[in-house]
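> Have a look at this one.
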Amino acid sequence: MTPALEIRGAPCGDLQVAPGELLAVIGPSGAGKTTLLREIAGLDPLPQGRVLLHGRDMTAVPVHRRGVTMMFEVPALFAQLDVAENVALALPAARGTLARDQLETALTALDLHHLARRRPQELSAGQRQRVALARALVSRPEVLLVDEPLAHVDPAARVALRREILRTHRRMGTATLYVTHDWAEALAVADRLAVLREGRFVQIGAPQEVYRRPRDAWVAQRIGVPNLLPCPVLGTAPGRVLVRPLGRELWVPADPRLADGREEALVLAHARALRVVAGPDAPADELDPSSGRILGGSFGGDHMDYDVETAAGTLVVRRTLGPGEEPLEVGTPVGVELVADAAWAVVRD
Amino acid sequence: MRAARGALALALLASAVLAVGWPLLRILAEALVALHAGLPPGLGRTAAISLALSGGATLLALLGGLGSALTARCLPPRTRRLLDAALLSLLLVPPYTAAAAVLAVGGRSGLLHDLLPPLPGAPGMLLALTTTLLPYPYAAARLAWRGVDPRLVDAVLVHGGGTGRVLRLVLLPPLLRPVAAVAVVMLVTALADPSVPAVLRGRVPTLAHTAYLEVMAWGDEGTAALVAVLLALPVLPLLLLLARTGSPLAEPWRGHGAGPALALPPSPILRTARAVTVLVLAVIAALLTAAAVRSSLAPGELLGHGAVAALGSTLQHALLALLVAVPAGLVTAGLAARGAPRRAALLDGLQLMLLVLPGTTLGLAVSLAYRLGTPTPVGTLPPLVGGASLGSGSIAIVLVLAASTAPLVHVAARAGRAQIPRGEAETAEVLGVGRRRRLLRLVLPQAAPLVAVAGAAILVRMMVSVTPVALVAAPDAPMVPALALDLLDRAALAPVFVLTLLVAITIAALAGGAAAAGRLR
Amino acid sequence: MRILRRCAALAALGAVLLATAGCAAPAASASVTVLCSNDAAICSAWAEDFAQETGIAVTMDRLPTSEALERIRRGEGLPEYDVWHGGGSEMYVAAAQEGLLAPYLPPRTEGIPAQVRDPRGRWTGVYVSFLGLCVDAGRLDEVGAEVPRSWEDLLDPALAGWVSASSPRTSGTAYTTMLVQRDRLGEEEGLGYLAQLYPQIPQFTRSGTAPVQVVAEGEAAVGISFAPYCDAAAAAGAPVTTILPRDGTGYEVGAVAVLADAPHPAAARRYVDRAVSEEGQRSGAASGIHQVPTQPGLPGSFDEVRGQLGVPVLTSPLEERAGRRDALLNWFAAEVPA
């Protein structure tokens, strides 16, 4: 199937978005996310390479003829126009009843009917972004570019608006490029994630894949992997490496790049990839590399995330709280174990 | 102490209102009397010609100025600044110099005389007036567009709108009010300017020059008064506009850096704007070249003719006028800020009226009122206008200079006060920061661009604008406009170009010096 | 108190500035205020020489003759000036008829020809200038016009737009030009000639001497002005020559008079004494502009040159010339645009 949107030969790397797919572009501020969107929209020139929409080369087509639509970080509504007029702006002027129907549909779909005659300055931030969304979608674009749409919306309205964007995206079947710097948001909305670092894609994949198997320490840290354990590589097998984190030899799933005889690996462990061993099972010997001491913890409802001081540094370890179970006290000596299958080893650079 | 200060301020204010208000009321009365006696023959036709000329110049300048501003907005900041310099430096060119440059291009011995139709007369006046007016709409549009949100432009473009829609939705709305106000100012300026006709009128009668003749030479005071009042009539709608919407001067000073170039898709509108810009630059270049060529023909004679003396004397008068205008403007601004809304509206209204009052009307009024003795309750005031009057005519010159600049001080002070965010002002007060420190640390830095622009505007109004001074100064008074008009009567163009350059350098030096002093502080 | 001190300081600063600006009120005693209607260089030469010789300070204000008369008229009741010096005697006659001039016979008047002074001593002619055409022959050649030798030659269609002249509304020279035509052709025909001449002029100048410089600057090919100014420009290197029209020229008698309400009558009389004397009449020549002196003892005096011009010298009684002013100017203002 021809991708709805394709970038070829650009400095950021190649990218394809299928019709109906939502691809989240994620990266810290300054990574070039907005620039990428603007280049795809045609607001800024692409320094090199090509932009293809449904296989057609659009690189030289000016912005207003590309048939791409974009929703900005700010609503960018026109103060002198009311809501309906702002939305209708995206419709070609002479389309008569069809245009009116489309407008009605867009206003209804985003529950803006009762606000149709209001001016933007009379709306809340969330409502304004909804108007901007309606405007972006009223012309039924095949490609929708969304730039940090929730950045200036208050937390309460954020969830609702995010759901609205997703719902509309699914209903319209547009290919959507969704830029954000918020990993939780990206993981929640994306069909696929593209991680952008200093203007280049470093990893593109499904959210679960990126979350579980980040390409390198940089991605891992951005995603929120708290424990990075450097270890010498003791042996390799297809898809695994033998390492010795926390004093125990383990075969850990690994990045294939580790197979080519590297000596050092970095074992990445989410908080739940580590286990606390407390009470009688805790190692008695303080010199045991897996022994540690509770420094503190944060309560997460059904679990506790403990900061544990070990010889390998301070580790964050998640422990599910059983019914009626009390959290461990600060200072409690504990042991820490790695769950090999939940960890992931990458090249240490 | 406070009461004494208030009384002193009020007394000063009252005498200022009387000194300027009495001549204005007097010509109004004289005009009514003259009108009662019937319109002088030919005045209707003269008025129609004048209106057509100034209307045409206003339209052309709007086209040129707005087109150039659009081009500038689409240029990267550095190139944009070049265009800014080219157009805004025209503010330093008095109308008579523009007229002289037109003569240097298309006069009988002009640079392009063989290529062009004869310029003196209506075409020449149109060209000179247009050149003089160009920076007004340009500056208005550049200021209005500084605050344009580039994301709105992006929004139009990504939703399929072209340049036309960007103009209609993004660029036009913030432009309407300032351009409407500026257009009236332009019309009045063109209508009331007697110096372009003095140089280029050919045999085309104009209102302003008629008034000048009627009052300076063989003629009739009544007609002069009538013309002076006629010239002031077009400012009425402007006053109404300003009264209804507030001063347009308060807004544009809020800090905006130079925005990035607007990238608009190619369109006939942009191409037209670019063509207009090129035409404008070509005209400016032609006028400048002709002036330079003419000046280089007789380099030996350029600095004679009392240019330096005139410049020095003009500066002295300007300084004296500042001593009157600055306190007067600050006092009215202070009274307006502290007083009830009605008092503020009255003071703002009076100052705005004075601000937009054509210089010709002011000059004629002062000239007619003070050229002879003025009866007052305590005896007759000696004549104040003319070389042999009390103070060699300096008093009337200082009076018109102060009257035409005090409103600028007032407006600047009012706008400056509005600049300071309420929160900051209140915080400073709560922290017990004294008045002086508040002024130096809080008000001045934030209002610096405003103060700079207001200061430059005052300088330009004192040194460059001709009309009131030309109408109250004797031909031999060592005042820049009087000297220039006397030279131009003799078609001596080169010394006028040099004089204009001297004045421009002086203004630049003064403004630069003030800016440097401000930075040191 | 502080405010008062500040005000005093400001006032003092203001006073100093006023004084340095040359605006101090004229001292009551040794000073005289002169309204001068002549070329700037001549006016200042007159003033300087008088001040040097007598020690009396001169305040000089220069206005074209017509403007000067208006100013004196409007200043009645509150006089500004002591003396009026220079400018055509028609205006002096008008002023005298209105009682604006004080009768005074200076010591050295008797030799001056009777037709250039007021028999009642209200004004005295101190120089004479003949009206002429100031032509740039090279320019005329470019334009394709013959050098005009007469008033009638000025109507040559090839000269349309190439003639410079001053406006009678501001300038005495222009009024003399009008009178010459009347003296030459009579009332009706004179106006008829003017109605044909004025369309040849692209723009009127304010000052009567300006047409000479307009020609010198190349903006016109023929200027109508008094001969000495053209001669002076030629002597300074401008490509101009003076031509006296063969169908007759007129002259202006430049006069001097004490004003009726002169605030400083004694100083005014001393000024006039010198202005009339041989030395006074020589002063102006230092400026390079050689007006014809009226004192018969001086070389090239009016008596001497009158007969040697080679063209008819037209003149009519001064009272008559003065009396027609309003009528002629009304005609001009109504008939001639701008």
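Chain labels run A, B, ... following the order of the structure tokens; each chain numbers its residues from 1, and ligands are numbered from 1 in the order shown.
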Please list as a PyMOL selection string every residue within 12 Å of Ile284 of chain B, counting only C-alpha atoms and excluding residues in the same chain fewer than 3 positions away.

chain B and resi 64+83+85-90+93+98+101-102+105+127-128+130-132+134-135+277-281+287-291

> Give the alpha helix (DSSP H) residues of segment 179-421 of chain B, as assigned by DSSP on the backbone, as a ChimeraX atom specification.

/B:179-192,195-200,207-216,221-232,235-245,268-297,307-338,341-356,359-370,394-419

> Please, which residues of chain A lie no more than 8 Å from chain B when the count uses only C-alpha atoms, and can they be set out as a list in words?

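So the contacting residues turn out to be Ala41, Leu43, Pro62, Val63, His64, Arg65, Arg66, Gly67, Val68, Thr69, Met70, Met71, Phe72, Ala76, Leu77, Phe78, Leu89, Ala90, Leu91, Pro92 and Ala136 of chain A.
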
> Do you know which residues are at most 12 Å from segment 193-196 of chain A counting only C-alpha atoms, after dropping those on the same chain fewer than 3 positions away, and could you put them as a VMD selection string?

chain A and resid 11 to 17 21 to 36 176 to 190 199 to 211 214 to 216 218 to 220 222 to 223

> Just want the 8 Å neighbourhood of segment 191-194 of chain C, counted on only C-alpha atoms, with same-chain residues fewer than 4 positions away dropped. Output as a count of residues only.

5

> Please, which residues of segment 12-244 of chain A, numbered as in this document, come out strand (DSSP E) from DSSP, as a PyMOL selection string?

chain A and resi 15-17+22-26+50-53+56-57+68-71+143-147+175-180+192-197+200-205+227-232+235-237+240-243

> Selection from above, C-alpha atoms, as a PDB file, in the first residue's frame, can you write it?


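Here's the written file selection_16.pdb:
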ATOM      1  CA  LEU A  15       9.798   7.985   7.413  1.00  0.00           C
ATOM      2  CA  GLN A  16       6.523   6.502   6.228  1.00  0.00           C
ATOM      3  CA  VAL A  17       3.053   6.965   7.616  1.00  0.00           C
ATOM      4  CA  LEU A  22      -1.007   7.815  13.987  1.00  0.00           C
ATOM      5  CA  LEU A  23       2.707   8.281  14.226  1.00  0.00           C
ATOM      6  CA  ALA A  24       3.946  10.167  17.263  1.00  0.00           C
ATOM      7  CA  VAL A  25       7.181  12.064  16.844  1.00  0.00           C
ATOM      8  CA  ILE A  26       8.811  12.358  20.205  1.00  0.00           C
ATOM      9  CA  ARG A  50      11.614  14.758  -0.785  1.00  0.00           C
ATOM     10  CA  VAL A  51       8.172  14.778   0.732  1.00  0.00           C
ATOM     11  CA  LEU A  52       5.689  12.402  -0.915  1.00  0.00           C
ATOM     12  CA  LEU A  53       1.975  12.341  -0.320  1.00  0.00           C
ATOM     13  CA  ARG A  56       3.222  12.131  -5.325  1.00  0.00           C
ATOM     14  CA  ASP A  57       6.276  14.308  -4.877  1.00  0.00           C
ATOM     15  CA  VAL A  68      -1.802  18.777   4.221  1.00  0.00           C
ATOM     16  CA  THR A  69      -3.342  20.380   7.243  1.00  0.00           C
ATOM     17  CA  MET A  70      -1.763  21.254  10.521  1.00  0.00           C
ATOM     18  CA  MET A  71      -2.811  21.935  14.058  1.00  0.00           C
ATOM     19  CA  VAL A 143      -2.586  13.975   6.184  1.00  0.00           C
ATOM     20  CA  LEU A 144      -2.891  15.770   9.483  1.00  0.00           C
ATOM     21  CA  LEU A 145       0.082  17.257  11.277  1.00  0.00           C
ATOM     22  CA  VAL A 146      -0.418  17.969  14.968  1.00  0.00           C
ATOM     23  CA  ASP A 147       2.158  19.997  16.888  1.00  0.00           C
ATOM     24  CA  ALA A 175      -2.544   9.691   8.399  1.00  0.00           C
ATOM     25  CA  THR A 176      -1.556  11.702  11.443  1.00  0.00           C
ATOM     26  CA  LEU A 177       1.849  12.912  12.514  1.00  0.00           C
ATOM     27  CA  TYR A 178       1.589  13.866  16.168  1.00  0.00           C
ATOM     28  CA  VAL A 179       4.449  15.799  17.704  1.00  0.00           C
ATOM     29  CA  THR A 180       4.933  15.832  21.449  1.00  0.00           C
ATOM     30  CA  ARG A 192       3.999   3.955  16.099  1.00  0.00           C
ATOM     31  CA  LEU A 193       6.628   6.143  17.701  1.00  0.00           C
ATOM     32  CA  ALA A 194       9.461   7.979  15.983  1.00  0.00           C
ATOM     33  CA  VAL A 195      12.125   9.188  18.386  1.00  0.00           C
ATOM     34  CA  LEU A 196      13.912  12.301  17.192  1.00  0.00           C
ATOM     35  CA  ARG A 197      17.290  13.338  18.556  1.00  0.00           C
ATOM     36  CA  ARG A 200      17.572  12.569  13.301  1.00  0.00           C
ATOM     37  CA  PHE A 201      15.295   9.646  13.935  1.00  0.00           C
ATOM     38  CA  VAL A 202      17.107   7.309  16.337  1.00  0.00           C
ATOM     39  CA  GLN A 203      14.321   4.758  16.714  1.00  0.00           C
ATOM     40  CA  ILE A 204      11.024   4.131  14.985  1.00  0.00           C
ATOM     41  CA  GLY A 205       8.698   1.410  16.242  1.00  0.00           C
ATOM     42  CA  ASN A 227      18.126   1.760  36.228  1.00  0.00           C
ATOM     43  CA  LEU A 228      21.079   1.593  33.872  1.00  0.00           C
ATOM     44  CA  LEU A 229      23.632  -1.030  34.900  1.00  0.00           C
ATOM     45  CA  PRO A 230      26.918  -1.187  32.994  1.00  0.00           C
ATOM     46  CA  CYS A 231      28.170  -4.779  32.747  1.00  0.00           C
ATOM     47  CA  PRO A 232      30.960  -6.639  30.904  1.00  0.00           C
ATOM     48  CA  GLY A 235      28.982 -14.450  26.528  1.00  0.00           C
ATOM     49  CA  THR A 236      26.562 -14.127  23.667  1.00  0.00           C
ATOM     50  CA  ALA A 237      23.746 -16.210  22.268  1.00  0.00           C
ATOM     51  CA  ARG A 240      20.793 -12.647  24.415  1.00  0.00           C
ATOM     52  CA  VAL A 241      23.973 -11.800  26.254  1.00  0.00           C
ATOM     53  CA  LEU A 242      25.413 -13.221  29.375  1.00  0.00           C
ATOM     54  CA  VAL A 243      26.053 -10.547  31.971  1.00  0.00           C
TER      55      VAL A 243
END

> I'd like the interatomic distance between atom CA of Leu320 of chain B and atom CA of Met216 of chain B, to a tenth of an Å.

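So the answer is 25.5 Å.
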
> With only C-alpha atoms as the counted atoms, please give the residues lying no more than 7 Å from Leu131 of chain C, apart from itself and same-chain residues fewer than 2 positions off, as a list in words.

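Once the adjacent positions are removed, what remains is Ser129, Ser225, Phe226, Ala227, Thr249, Gly250 and Tyr251 of chain C.
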
> Can you list, as a PyMOL selection string, every protein, DNA or RNA residue that comes within 8 Å of segment 433-446 of chain B when you count only C-alpha atoms, leaving out same-chain residues fewer than 5 positions away?

chain B and resi 416-417+419-420+425+428+451

> For a quick check of understanding, using only C-alpha atoms, which of B:Ala208, B:Leu115, B:Leu242, B:Ile458 has the smallest distance to chain C?

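Looking only at the distances to chain C, the closest residue turns out to be B:Ala208.
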
> Please report the interatomic distance between atom CA of Ile7 of chain A and atom CA of Ala261 of chain B in Å with one decimal.

26.1 Å

> For Leu236 of chain B, list every protein, DNA or RNA residue within 10 Å, evaluated using only C-alpha atoms, and leave out those in the same chain fewer than 6 positions away; present the list as a PyMOL selection string.

chain B and resi 184+242+353+356-357

> Write out, as an mmCIF file, in the first residue's frame, the residues just selected, with C-alpha atoms.


data_model
loop_
_atom_site.group_PDB
_atom_site.id
_atom_site.type_symbol
_atom_site.label_atom_id
_atom_site.label_comp_id
_atom_site.auth_asym_id
_atom_site.auth_seq_id
_atom_site.Cartn_x
_atom_site.Cartn_y
_atom_site.Cartn_z
ATOM 1 C CA VAL B 184 -6.132 61.844 7.517
ATOM 2 C CA LEU B 242 -9.093 59.349 18.140
ATOM 3 C CA MET B 353 -6.300 68.798 18.695
ATOM 4 C CA VAL B 356 -3.213 67.239 14.503
ATOM 5 C CA LEU B 357 -3.826 70.926 13.871
#

> Report the closest atom pair, with its distance in Å rounded to one decimal, for each residue of segment 182-223 of chain C that has an atom no farther than 10 Å from segment 39-44 of chain C; count only C-alpha atoms, sort by chain and then rising residue number, and write it as a tab-separated table.


residue	atom	partner	partner_atom	distance
C:Ser207	CA	C:Asp39	CA	9.3
C:Gly208	CA	C:Asp39	CA	9.2
C:Thr209	CA	C:Asp39	CA	7.3
C:Ala210	CA	C:Asp39	CA	9.7

> With N, CA, C and O atoms retained, write the just-selected residues as a compact mmCIF listing (two decimals), in the first residue's frame.


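File selection-v3.txt, as written:
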# COMPACT_ATOMS: atom_id res chain seq x y z
N SER C 207 10.59 87.41 -4.43
CA SER C 207 11.45 88.59 -4.36
C SER C 207 11.72 89.12 -5.77
O SER C 207 11.84 88.37 -6.73
N GLY C 208 11.83 90.45 -5.87
CA GLY C 208 12.06 91.09 -7.16
C GLY C 208 13.43 90.81 -7.73
O GLY C 208 13.64 90.89 -8.95
N THR C 209 14.41 90.48 -6.86
CA THR C 209 15.75 90.22 -7.37
C THR C 209 15.93 88.75 -7.75
O THR C 209 16.88 88.38 -8.42
N ALA C 210 15.00 87.90 -7.30
CA ALA C 210 15.16 86.46 -7.51
C ALA C 210 15.25 86.05 -8.98
O ALA C 210 16.03 85.15 -9.30

> Between atom CA of Ala137 of chain C and atom CA of Pro239 of chain C, what is the spacing in Å?

7.7 Å
